[in-house]
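First comes the structure, then the notes that go with it.
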There are 8 protein chains.
Amino acid sequence: MDKVALLDLLDGVKENRVSANDAMEKLRAMPFEQLDFACLDTHRYLRQGLPEVIFGEGKSAEQIIEILDRLKAQNQIVVATRVSPDKAREILNVHKEAAWHENAGIITIGVLPAMRQGVKVAVVSAGTADLAVASEVGVMLSACGIDNEMIVDVGVSGLHRLFAQMDSLKTADVIVVIAGMDGALPSVVGGLVSCPVIAVPTSVGYGSSFDGLAALLSMLNSCSAGLTVVNIDNGFGAAVAAVRLINQIERRVRI
Amino acid sequence: MDKVALLDLLDGVKENRVSANDAMEKLRAMPFEQLDFACLDTHRYLRQGLPEVIFGEGKSAEQIIEILDRLKAQNQIVVATRVSPDKAREILNVHKEAAWHENAGIITIGVLPAMRQGVKVAVVSAGTADLAVASEVGVMLSACGIDNEMIVDVGVSGLHRLFAQMDSLKTADVIVVIAGMDGALPSVVGGLVSCPVIAVPTSVGYGSSFDGLAALLSMLNSCSAGLTVVNIDNGFGAAVAAVRLINQIERRVRI
Amino acid sequence: MDKVALLDLLDGVKENRVSANDAMEKLRAMPFEQLDFACLDTHRYLRQGLPEVIFGEGKSAEQIIEILDRLKAQNQIVVATRVSPDKAREILNVHKEAAWHENAGIITIGVLPAMRQGVKVAVVSAGTADLAVASEVGVMLSACGIDNEMIVDVGVSGLHRLFAQMDSLKTADVIVVIAGMDGALPSVVGGLVSCPVIAVPTSVGYGSSFDGLAALLSMLNSCSAGLTVVNIDNGFGAAVAAVRLINQIERRVRI
Amino acid sequence: MDKVALLDLLDGVKENRVSANDAMEKLRAMPFEQLDFACLDTHRYLRQGLPEVIFGEGKSAEQIIEILDRLKAQNQIVVATRVSPDKAREILNVHKEAAWHENAGIITIGVLPAMRQGVKVAVVSAGTADLAVASEVGVMLSACGIDNEMIVDVGVSGLHRLFAQMDSLKTADVIVVIAGMDGALPSVVGGLVSCPVIAVPTSVGYGSSFDGLAALLSMLNSCSAGLTVVNIDNGFGAAVAAVRLINQIERRVRI
Amino acid sequence: MDKVALLDLLDGVKENRVSANDAMEKLRAMPFEQLDFACLDTHRYLRQGLPEVIFGEGKSAEQIIEILDRLKAQNQIVVATRVSPDKAREILNVHKEAAWHENAGIITIGVLPAMRQGVKVAVVSAGTADLAVASEVGVMLSACGIDNEMIVDVGVSGLHRLFAQMDSLKTADVIVVIAGMDGALPSVVGGLVSCPVIAVPTSVGYGSSFDGLAALLSMLNSCSAGLTVVNIDNGFGAAVAAVRLINQIERRVRI
Amino acid sequence: MDKVALLDLLDGVKENRVSANDAMEKLRAMPFEQLDFACLDTHRYLRQGLPEVIFGEGKSAEQIIEILDRLKAQNQIVVATRVSPDKAREILNVHKEAAWHENAGIITIGVLPAMRQGVKVAVVSAGTADLAVASEVGVMLSACGIDNEMIVDVGVSGLHRLFAQMDSLKTADVIVVIAGMDGALPSVVGGLVSCPVIAVPTSVGYGSSFDGLAALLSMLNSCSAGLTVVNIDNGFGAAVAAVRLINQIERRVRI
Amino acid sequence: MDKVALLDLLDGVKENRVSANDAMEKLRAMPFEQLDFACLDTHRYLRQGLPEVIFGEGKSAEQIIEILDRLKAQNQIVVATRVSPDKAREILNVHKEAAWHENAGIITIGVLPAMRQGVKVAVVSAGTADLAVASEVGVMLSACGIDNEMIVDVGVSGLHRLFAQMDSLKTADVIVVIAGMDGALPSVVGGLVSCPVIAVPTSVGYGSSFDGLAALLSMLNSCSAGLTVVNIDNGFGAAVAAVRLINQIERRVRI
Amino acid sequence: MDKVALLDLLDGVKENRVSANDAMEKLRAMPFEQLDFACLDTHRYLRQGLPEVIFGEGKSAEQIIEILDRLKAQNQIVVATRVSPDKAREILNVHKEAAWHENAGIITIGVLPAMRQGVKVAVVSAGTADLAVASEVGVMLSACGIDNEMIVDVGVSGLHRLFAQMDSLKTADVIVVIAGMDGALPSVVGGLVSCPVIAVPTSVGYGSSFDGLAALLSMLNSCSAGLTVVNIDNGFGAAVAAVRLINQIERRVRI
């Protein structure tokens with residue numbers, strides 16, 4: 001039942017073509033898709049802080065090009081994640097205005113308007129090998145108009161590197177901490193700051209790292225209270241979690 | 001090197017007893033405990049939003065009574081989690097001003113000052129069996145002075161129960177979603193709201209639930225972007241994650 | 001928005017107090033609970049084939065007694081599963097009309113009207129140790145008014161015992177096959193019949209049976225095509241799956 | 001002992017060449033292969049609802065071509081699953097009457113006669129990435145002459161998409177629900193309908209999805225009662241399970 | 001179709017009451033239970049080397065007493081495994097001729113006739129904690145009339161203890177090797193002898209032994225070729241595997 | 001300490017150059033390598049029933065060619081397992097007398113003398129996909145001079161195929177049963193025969209077969225007593241286990 | 001072949017009763033137990049740094065008392081680990097000179113002579129709940145005469161507590177680091193010092209700590225190079241590893 | 001706050017520009033990076049025994065060449081591990097003075113000064129397939145100036161090969177034992193020697209070796225007390241653990 005049909009029903013009530021009782025019965029039997037109206041609001045609201053996202057893995061360059069065509073026609077801000085360099089080259093040949101972020105494996109078209117100044121996410125990663133995931137977080141945040149600072153290669157085996165960044169950590173609104181292998185960095189960061197900390201395990205490691213399981217379990221069992229965790233290598237998810245947070249701050253500040 | 005020793009060293013410099021170079025060497029060699037000063041600040045800041053917490057599991061009633069004695073002497077707000085009814089009875093015999101929250105298995109002494117009105121955490125749980133974990137979240141939040149609303153028994157096998165609570169969900173600043181078995185509820189909630197959602201898997205279930213592993217994995221792989229997850233049955237951790245979030249909103253609003 | 005409010009809105013439209021556009025906006029913003037109407041139908045329909053069910057594990061005898069009180073007041077047919085003998089004794093002291101099925105660990109109050117004659121579920125179990133789960137299936141089916149035949153102790157280590165029951169297997173509409181340890185029985189049964197087969201792994205076994213994991217994996221990887229599987233020890237779930245099936249047959253036959 | 005030998009034995013009894021006791025002893029010692037007779041009946045019956053199936057994975061194009069040759073000589077309806085596009089091309093060069101279903105990775109030769117009108121299987125999938133498995137279900141069902149409706153991309157992160165399909169869900173005889181990642185969709189569908197629901201976990205996802213384990217466990221622990229589950233990515237198995245079900249309905253309706 | 005019915009059918013053929021063709025059809029349709037005849041032979045043969053066995057775990061003393069009653073009436077040799085001392089006491093009060101083997105947790109009634117002299121199984125265990133499983137092997141073998149030698153506490157951390165037993169190892173027909181923790185002993189024994197070696201992992205250990213998983217995996221991956229493995233703590237199974245082996249030797253020697 | 005040194009020491013004793021006490025001390029301190037003498041015997045004995053074996057996986061064609069050169073110079077019977085077709089081609093170009101067994105992935109040079117007639121191993125496999133492992137068993141046995149019979153494609157989903165082979169099963173001295181997916185076949189075979197049964201799980205399957213884990217666990221938990229199990233896909237190991245067994249029978253028969 | 005027999009053989013050579021060749025053959029055939037001589041040396045050497053150890057878990061108080069009787073008769077220094085308070089009370093009633101270390105669950109009789117002054121092991125633990133394991137390490141080291149310093153409750157969530165102990169860490173010869181939950185502490189300690197670090201995961205935690213698996217995996221994947229790990233809760237093993245190390249230092253220093 | 005700023009502050013105190021109290025406050029607020037001073041010492045100290053290390057896996061030849069450029073400019077001794085032959089060729093084209101160790105997959109530039117004579121690490125490996133990991137240990141040790149002896153192919157299936165090396169084992173200061181498959185070798189070695197033993201599981205094996213998990217678990221549960229373990233295939237980590245140990249011996253000997 002679309003908008004027209006609904007108006008028509010209401011007009012029918014008004015014009016006495018339909019009794020109130022009958023209309024009520026019709027509305028009660030109204031299939032779930034009407035919820036769409038309400039849902040859309042929710043969704044539009046959620047989308048205010050998020051561009052359209054294409055998960056590039058498992059999609060061909062042609063498929064991504066085609067989806068971009070469609071979204072561009074709607075003037076959408078778009079982010080395509082997990083795009084390989086080969087595919088990226090093909091895509092940029094067609095969509096020349098797109099930007100290619102090689103470390104992150106992300107293609108972006110357009111950027112959301114910048115958030116209020118001063119609000120900032122710190123993106124902290126343990127080793128150089130975790131850079132890809134860290135970049136996914138950073139590029140995604142930038143595409144959402146959120147200021148972010150990359151603090152890389154500050155793993156717990158040399159804590160002085162982390163301590164040198166205390167000022168940055170203390171002024172962040174949210175900290176995303178990325179680590180593979182032992183996954184120990186979020187516990188240390190979580191003990192140093194009081195802001196929200198989102199931990200991202202990575203598949204960096206070998207043997208009994210079991211493709212990130214070791215880091216994931218370590219983070220879920222952090223001795224620093226109040227850390228939250230996302231899936232292995234899920235930089236995108238951590239960024240969206242940060243966006244949800246920053247957006248909520250924005251809403252409250254505006255009120 | 002404590003405060004007195006440090007002042008003495010500086011006086012030594014001033015009084016030419018110690019050369020600047022020697023002082024610098026001494027300061028460079030300064031053992032790490034001086035960091036304590038800086039650290040304490042951080043910690044005090046963090047503590048502003050958190051009471052003292054005693055993890056009751058594995059501690060005897062006598063041990064908990066003793067720790068409470070010490071903390072009360074410091075006028076601390078205290079929360080003891082995972083306290084069994086038997087221990088609770090013993091403890092309340094001694095600490096008569098303590099409050100016992102049976103569902104949550106928590107004893108509290110005092111409550112932190114209430115947060116700004118209107119800021120609210122929704123605590124949503126899938127089944128009646130998840131109530132213990134949900135209560136741990138709720139009681140912990142209340143002890144931190146944070147308004148919270150319990151929405152229980154709204155699992156995905158009967159979605160109408162959840163939809164009836166949409167108003168509460170839409171006005172929450174943070175939603176903590178608790179589910180055992182299939183762990184599906186956070187994915188559904190995450191798709192309906194745009195605020196931060198913290199998912200708590202519980203050990204409710206049997207067989208291939210593997211004591212909450214099924215729910216944990218389901219939540220980590222949520223198709224709703226931007227969910228974050230804590231350890232199985234870790235209601236306390238989810239509450240602290242929410243406190244970190246609410247506190248950050250408060251800080252920003254105050255600025 | 002309840003029935004009265006909805007009627008009032010429609011009257012408002014009729015009486016020109018509310019414009020069709022405004023009403024539409026209100027209806028679009030209509031909270032999800034209205035879905036309740038539609039949902040209830042679905043649920044009532046589902047319930048036609050199912051009694052009210054109480055999952056007894058983790059509930060005290062007092063809690064179960066209280067829930068039974070409430071449901072009896074509504075004249076409900078009730079099944080309480082996973083009830084220990086101790087709790088059962090307490091419950092039957094109060095609810096004297098309840099029936100206690102010791103092997104199945106189930107208490108029933110009332111039975112649904114019997115299904116059409118001739119429709120039958122065969123409940124097949126591999127070893128004597130699987131009897132508890134098999135009984136849970138059988139008692140649950142009986143409570144739903146569905147004819148069922150128990151065929152026990154016909155494990156694959158002595159196939160002649162199974163073959164002696166071929167007639168029963170071939171006349172069943174659905175076969176529920178229950179096995180622990182190697183979980184091999186459903187593969188054999190699935191190869192002998194063409195009707196739907198639901199496999200239930202049990203936690204019977206030790207060592208590398210890992211509390212039913214071995215049987216579960218074996219069943220999920222059955223070389224007999226078209227078997228379906230439920231959770232370890234989930235006799236209740238298998239029975240409900242059979243009820244869904246039998247009900248669908250009934251619906252089609254009636255049409 | 002073949003048919004001739006058996007007749008000869010019986011003739012021997014008749015003609016008094018063999019005593020009844022001796023014949024009985026011979027029949028008792030009769031090797032198991034005679035069971036073949038009975039078995040074939042069972043199997044022929046089962047096959048009435050199923051074409052011949054070739055599992056293409058691990059077989060070369062040449063091997064598949066050769067098997068197709070043999071089966072075509074027997075006028076069989078054939079389905080070859082898990083065929084890569086490269087192999088498909090080679091095979092269709094030889095077997096020009098074969099049909100290639102690219103999304104499903106299936107080659108078919110012929111189709112079984114259509115089932116009674118109105119009987120229908122709904123094939124519901126959560127994400128676009130699950131389409132391959134959904135297509136395997138759909139093509140397999142079509143090859144078995146069973147009407148089916150594909151409902152794709154209705155994951156739980158945007159429930160309004162699913163609700164828009166309620167009519168289709170409510171009129172289905174069986175629903176096959178396919179989901180990777182959190183595997184939450186079957187729980188939601190199972191709560192909305194009362195017909196049999198078969199859940200298929202897929203290997204879609206990364207990190208802690210562990211190639212479909214997360215979805216599998218979620219489905220096995222569904223909070224919606226009476227769901228059944230098949231192996232990860234086992235669209236073929238789900239389709240055969242649906243065929244077993246539909247066939248049983250057909251048998252009963254015919255009676 | 002039982003013996004009487006079969007004779008009757010054959011008589012029918014003889015007396016021309018039944019045509020050969022009809023009889024053949026009847027026999028072809030003959031339900032599987034006739035296989036019972038053949039099967040019983042097989043089973044009787046298998047039983048020649050095995051007493052009746054009762055798996056005591058999960059059975060009450062009363063249940064075991066009752067089964068023993070029944071089997072004694074049939075003059076069976078009986079072995080009841082996994083019997084706790086408490087249950088044993090109750091059982092021996094009733095069945096006074098039964099023998100109680102405390103280390104093995106086994107009750108026996110009667111012993112099978114001894115095998116040919118000189119045939120011997122060596123039962124080798126790594127630590128004193130593995131003694132229970134080793135005893136289960138030994139007592140079971142003795143009950144089957146098979147000579148066996150217990151060689152205990154010869155773990156690989158002190159190889160000289162094992163080497164002191166080389167003579168016993170070299171004269172054994174089969175060696176059952178029992179080890180928990182690292183499960184390393186079978187690999188060492190397998191490299192020293194050329195006879196069949198059956199490895200039994202035990203649940204002895206803690207932490208990452210995961211209740212015997214470490215030992216099980218170690219044994220399955222033995223660098224000594226030709227070892228075979230049974231389930232964790234499955235001393236009974238190892239004994240039966242040895243019986244199968246010794247019996248086959250006996251059969252061949254007799255031929 | 002080699003043979004010469006040992007003789008020299010003994011001569012020293014004889015010639016009074018070395019006291020008996022000193023010699024004893026020297027002998028007590030005698031490094032372990034002397035054990036070599038004894039060990040070699042054991043090993044030669046073991047080798048009587050086994051050719052030299054090269055594990056081909058992870059070795060280049062050149063490396064295998066070189067090892068074959070060396071072993072041929074010693075007139076050894078040689079078996080190279082897990083050789084890919086590409087490597088095989090290269091190797092056979094050089095070692096033209098070698099035989100290539102494609103299904104088994106094995107190259108052999110020479111064959112051990114045949115065992116006593118009548119002794120036989122049955123090699124039973126569940127599906128066509130298990131053929132590679134079954135062939136590894138068969139070729140290895142043949143190279144050891146042991147008669148073996150291949151019985152393929154007799155999985156439990158169509159038991160009549162297995163029953164048609166009962167005669168072969170009943171006359172075997174050892175049965176090696178190979179199955180992937182549900183791993184159910186060994187349980188069925190183990191219940192039909194009384195001879196030793198060695199179960200080999202294969203990695204055939206997908207999804208929750210977890211590369212053979214499902215079959216492995218199923219076999220370890222077989223409800224047929226006395227089965228033994230080897231590693232996943234370890235056809236070689238199963239063959240050697242059978243050789244150990246057949247050799248032991250031979251030894252006993254000879255005595 | 002014992003010492004007497006060996007001397008006799010050598011005398012035989014000397015007295016020409018036995019030829020050198022015959023003696024050599026006898027010695028070559030000499031059963032492995034002679035190795036015992038050499039082995040004992042090794043073992044005595046190893047034992048120089050270790051008391052006799054009784055693993056108390058699974059042993060009754062009576063059994064422990066009896067073993068202590070025997071060892072005391074040999075004037076042995078004895079350590080009994082994993083003794084419960086109840087058993088300890090019984091044991092100390094009999095062996096009144098024994099010392100009971102409650103935190104560690106250890107009973108000791110006697111202490112080995114103290115090592116060279118200045119050599120020291122630091123025993124560092126993350127949380128108060130890890131104290132039992134830390135105490136097992138400390139008491140075991142003390143019983144071996146090795147100086148050790150306990151540094152407890154210095155987990156990574158509050159690094160300042162650890163840094164306050166830098167002096168102790170820097171002067172240790174070996175550091176044993178004990179942590180449950182996230183197992184992060186050894187990585188941090190390993191990055192701060194250059195001496196050997198032995199990591200001990202504990203089963204402290206709940207949910208996805210999986211009884212210490214999370215901590216174990218974290219430690220095995222430490223980003224600090226050169227850490228080594230022992231089994232979960234294996235304080236005893238870590239202590240012995242430290243003893244091996246300290247002993248090797250002692251040997252080298254003495255040289 | 002760098003060295004200059006610190007000196008300036010102290011001068012300020014001396015010159016009364018800054019009060020002692022203000023200086024103390026500044027020093028208390030001193031960001032963590034000052035710790036850098038102390039830390040560097042620690043690190044330099046640690047580095048005395050270690051070259052610079054580049055983890056080659058996941059880095060391109062170009063990236064490795066560039067890092068080598070930078071480190072050579074600092075006159076560093078460098079080790080690049082996990083370098084493939086292809087990358088090595090490219091790198092050696094540019095850095096002609098680099099040495100390529102093919103078995104180990106390591107490139108070295110320069111070697112640290114040799115340790116005191118006589119100190120030695122024995123590197124023991126079970127099978128030829130473990131050679132790569134063993135070589136990683138050996139080359140890394142050599143680059144650190146530590147004498148090491150390679151003892152390869154001495155797996156437990158033929159113990160005489162190991163015993164022939166007893167002299168080498170007994171004179172080693174540390175033994176690194178490398179094994180895949182059953183991981184049994186370290187237990188045997190640990191029982192023969194009293195020096196520190198570091199166990200390295202390898203991913204050698206197939207099926208239920210689960211890429212080294214079987215060997216890892218076996219080693220963690222060794223029945224030889226005092227073994228320590230590193231990650232699967234972590235030859236580098238074992239070498240560094242040995243370096244930590246040897247260095248500590250050196251320090252003590254020097255004192």
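Each chain of the structure tokens is named A, B, ... in the order shown, its residues numbered from 1; ligands are numbered from 1 in display order.
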Find the spatial neighbours of Val197 of chain H, counting only C-alpha atoms, within a cut-off of 9 Å - ignore same-chain residues fewer than 6 positions away - and output them as a PDB file with N, CA and C atoms, in the first residue's frame.
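Generated file (selection_12.pdb):
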```pdb
ATOM      1  N   ALA G 241      61.122 -24.280  34.599  1.00  0.00           N
ATOM      2  CA  ALA G 241      61.821 -23.657  33.477  1.00  0.00           C
ATOM      3  C   ALA G 241      62.822 -22.628  33.996  1.00  0.00           C
ATOM      4  N   ARG G 244      65.800 -24.468  35.465  1.00  0.00           N
ATOM      5  CA  ARG G 244      66.710 -24.925  34.407  1.00  0.00           C
ATOM      6  C   ARG G 244      67.654 -23.792  33.989  1.00  0.00           C
TER       7      ARG G 244
ATOM      8  N   VAL H 174      71.609 -24.164  25.858  1.00  0.00           N
ATOM      9  CA  VAL H 174      70.179 -24.102  25.590  1.00  0.00           C
ATOM     10  C   VAL H 174      69.909 -25.047  24.432  1.00  0.00           C
ATOM     11  N   ILE H 175      68.765 -25.726  24.459  1.00  0.00           N
ATOM     12  CA  ILE H 175      68.390 -26.557  23.318  1.00  0.00           C
ATOM     13  C   ILE H 175      67.066 -26.064  22.777  1.00  0.00           C
ATOM     14  N   VAL H 176      67.055 -25.774  21.475  1.00  0.00           N
ATOM     15  CA  VAL H 176      65.808 -25.441  20.788  1.00  0.00           C
ATOM     16  C   VAL H 176      65.375 -26.699  20.047  1.00  0.00           C
ATOM     17  N   VAL H 177      64.181 -27.203  20.351  1.00  0.00           N
ATOM     18  CA  VAL H 177      63.706 -28.435  19.738  1.00  0.00           C
ATOM     19  C   VAL H 177      62.513 -28.133  18.844  1.00  0.00           C
ATOM     20  N   PRO H 186      60.290 -32.668  21.828  1.00  0.00           N
ATOM     21  CA  PRO H 186      60.727 -31.890  22.991  1.00  0.00           C
ATOM     22  C   PRO H 186      60.527 -32.628  24.314  1.00  0.00           C
ATOM     23  N   VAL H 189      63.492 -34.982  24.605  1.00  0.00           N
ATOM     24  CA  VAL H 189      64.740 -34.241  24.859  1.00  0.00           C
ATOM     25  C   VAL H 189      64.716 -33.654  26.272  1.00  0.00           C
ATOM     26  N   GLY H 190      63.580 -33.089  26.647  1.00  0.00           N
ATOM     27  CA  GLY H 190      63.463 -32.478  27.971  1.00  0.00           C
ATOM     28  C   GLY H 190      63.724 -33.461  29.093  1.00  0.00           C
ATOM     29  N   GLY H 226      59.245 -28.130  32.867  1.00  0.00           N
ATOM     30  CA  GLY H 226      60.127 -27.001  32.641  1.00  0.00           C
ATOM     31  C   GLY H 226      60.441 -26.690  31.196  1.00  0.00           C
ATOM     32  N   LEU H 227      59.707 -27.287  30.277  1.00  0.00           N
ATOM     33  CA  LEU H 227      59.832 -26.889  28.872  1.00  0.00           C
ATOM     34  C   LEU H 227      59.065 -25.592  28.658  1.00  0.00           C
ATOM     35  N   THR H 228      59.539 -24.756  27.729  1.00  0.00           N
ATOM     36  CA  THR H 228      58.743 -23.600  27.338  1.00  0.00           C
ATOM     37  C   THR H 228      58.527 -23.652  25.837  1.00  0.00           C
ATOM     38  N   VAL H 229      57.492 -22.951  25.382  1.00  0.00           N
ATOM     39  CA  VAL H 229      57.019 -23.105  24.013  1.00  0.00           C
ATOM     40  C   VAL H 229      56.876 -21.735  23.358  1.00  0.00           C
TER      41      VAL H 229
END
```
Non-local contacts of Gly191 of chain D (6 Å; only C-alpha atoms; under 5 positions in same chain excluded) as a PDB file with N, CA and C atoms, in the first residue's frame:
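The result, written out as around.pdb:
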```pdb
ATOM      1  N   SER B 157      12.015 -13.673  17.823  1.00  0.00           N
ATOM      2  CA  SER B 157      11.003 -14.641  17.390  1.00  0.00           C
ATOM      3  C   SER B 157       9.600 -14.048  17.467  1.00  0.00           C
ATOM      4  N   GLY B 158       9.466 -12.873  18.055  1.00  0.00           N
ATOM      5  CA  GLY B 158       8.171 -12.177  18.081  1.00  0.00           C
ATOM      6  C   GLY B 158       8.428 -10.686  17.989  1.00  0.00           C
TER       7      GLY B 158
ATOM      8  N   SER D 224      13.544 -18.982  17.537  1.00  0.00           N
ATOM      9  CA  SER D 224      12.263 -19.358  16.945  1.00  0.00           C
ATOM     10  C   SER D 224      12.193 -20.877  16.912  1.00  0.00           C
TER      11      SER D 224
END
```
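What separates atom CA of Lys72 of chain F from atom CA of Glu102 of chain F is a distance of 21.7 Å.
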Expected answer as an MDAnalysis selection string: chain E residues within 6 Å of chain F, only C-alpha atoms: chainID E and resid 46 194:196 220 225:231 237 240:241 244:245 248:249 253
Selection near His95 of chain H, 12 Å with only C-alpha atoms, sequence-local residues under 2 positions removed, as number ranges by chain: H: 61-62, 64-72, 78, 88-93, 97-100, 107-110
DSSP alpha helix (DSSP H) residues within segment 50-226 of chain B, listed as a PyMOL selection string: chain B and resi 61-73+85-94+131-143+159-163+166-170+185-192+213-220
Kindly export the residues of the current selection with C-alpha atoms, as a compact mmCIF listing (two decimals), in the first residue's frame.
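Wrote it out as part.txt, contents follow:
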```txt
# COMPACT_ATOMS: atom_id res chain seq x y z
CA ALA B 61 31.95 -12.88 51.91
CA GLU B 62 34.64 -12.05 54.47
CA GLN B 63 36.98 -10.71 51.80
CA ILE B 64 34.26 -8.55 50.31
CA ILE B 65 33.25 -7.23 53.75
CA GLU B 66 36.85 -6.27 54.41
CA ILE B 67 37.29 -4.45 51.11
CA LEU B 68 34.02 -2.60 51.72
CA ASP B 69 35.32 -1.53 55.13
CA ARG B 70 38.39 -0.01 53.56
CA LEU B 71 36.53 1.76 50.76
CA LYS B 72 33.85 3.11 53.06
CA ALA B 73 36.59 4.67 55.16
CA PRO B 85 22.55 -14.43 47.49
CA ASP B 86 24.31 -16.35 50.31
CA LYS B 87 27.28 -14.01 50.36
CA ALA B 88 25.00 -11.02 50.01
CA ARG B 89 23.13 -11.98 53.16
CA GLU B 90 26.37 -12.18 55.14
CA ILE B 91 27.62 -8.89 53.74
CA LEU B 92 24.40 -6.99 54.44
CA ASN B 93 24.46 -8.22 58.03
CA VAL B 94 27.66 -6.23 58.47
CA LEU B 131 17.47 -10.86 32.76
CA ALA B 132 20.43 -11.38 35.11
CA VAL B 133 22.85 -9.82 32.64
CA ALA B 134 20.41 -7.06 31.77
CA SER B 135 20.03 -6.27 35.46
CA GLU B 136 23.80 -6.11 35.88
CA VAL B 137 23.84 -3.44 33.17
CA GLY B 138 20.94 -1.52 34.67
CA VAL B 139 22.07 -1.53 38.29
CA MET B 140 25.61 -0.58 37.28
CA LEU B 141 24.32 2.34 35.20
CA SER B 142 22.08 3.52 38.04
CA ALA B 143 25.01 3.40 40.43
CA LEU B 159 9.20 -8.87 16.59
CA HIS B 160 5.95 -7.07 17.49
CA ARG B 161 7.14 -6.98 21.11
CA LEU B 162 10.24 -5.06 20.02
CA PHE B 163 8.37 -2.73 17.68
CA MET B 166 10.32 1.85 19.17
CA ASP B 167 9.72 5.16 20.95
CA SER B 168 12.00 4.17 23.80
CA LEU B 169 14.64 2.94 21.38
CA LYS B 170 14.57 6.12 19.31
CA LEU B 185 18.52 -9.18 18.46
CA PRO B 186 21.39 -6.62 18.20
CA SER B 187 21.39 -6.94 14.39
CA VAL B 188 17.70 -6.08 14.30
CA VAL B 189 18.01 -3.20 16.78
CA GLY B 190 21.11 -1.89 15.01
CA GLY B 191 19.12 -1.64 11.80
CA LEU B 192 16.34 0.34 13.47
CA LEU B 213 29.92 -18.65 21.64
CA ALA B 214 27.10 -18.84 19.08
CA ALA B 215 25.66 -15.53 20.25
CA LEU B 216 29.10 -13.92 20.42
CA LEU B 217 30.02 -14.91 16.85
CA SER B 218 26.62 -13.85 15.56
CA MET B 219 27.04 -10.40 17.10
CA LEU B 220 30.61 -9.95 15.82
```
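We find atom CA of Gly207 of chain F and atom CA of Ser208 of chain A to be spaced 21.6 Å apart.
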Between atom CA of Glu57 of chain G and atom CA of Arg82 of chain G - distance in Å to one decimal: 5.5 Å
Which of segment 18-207 of chain B fall in strand (DSSP E), as number ranges by chain: B: 52-55, 78-81, 99-101, 106-109, 120-125, 147-151, 174-179, 197-201
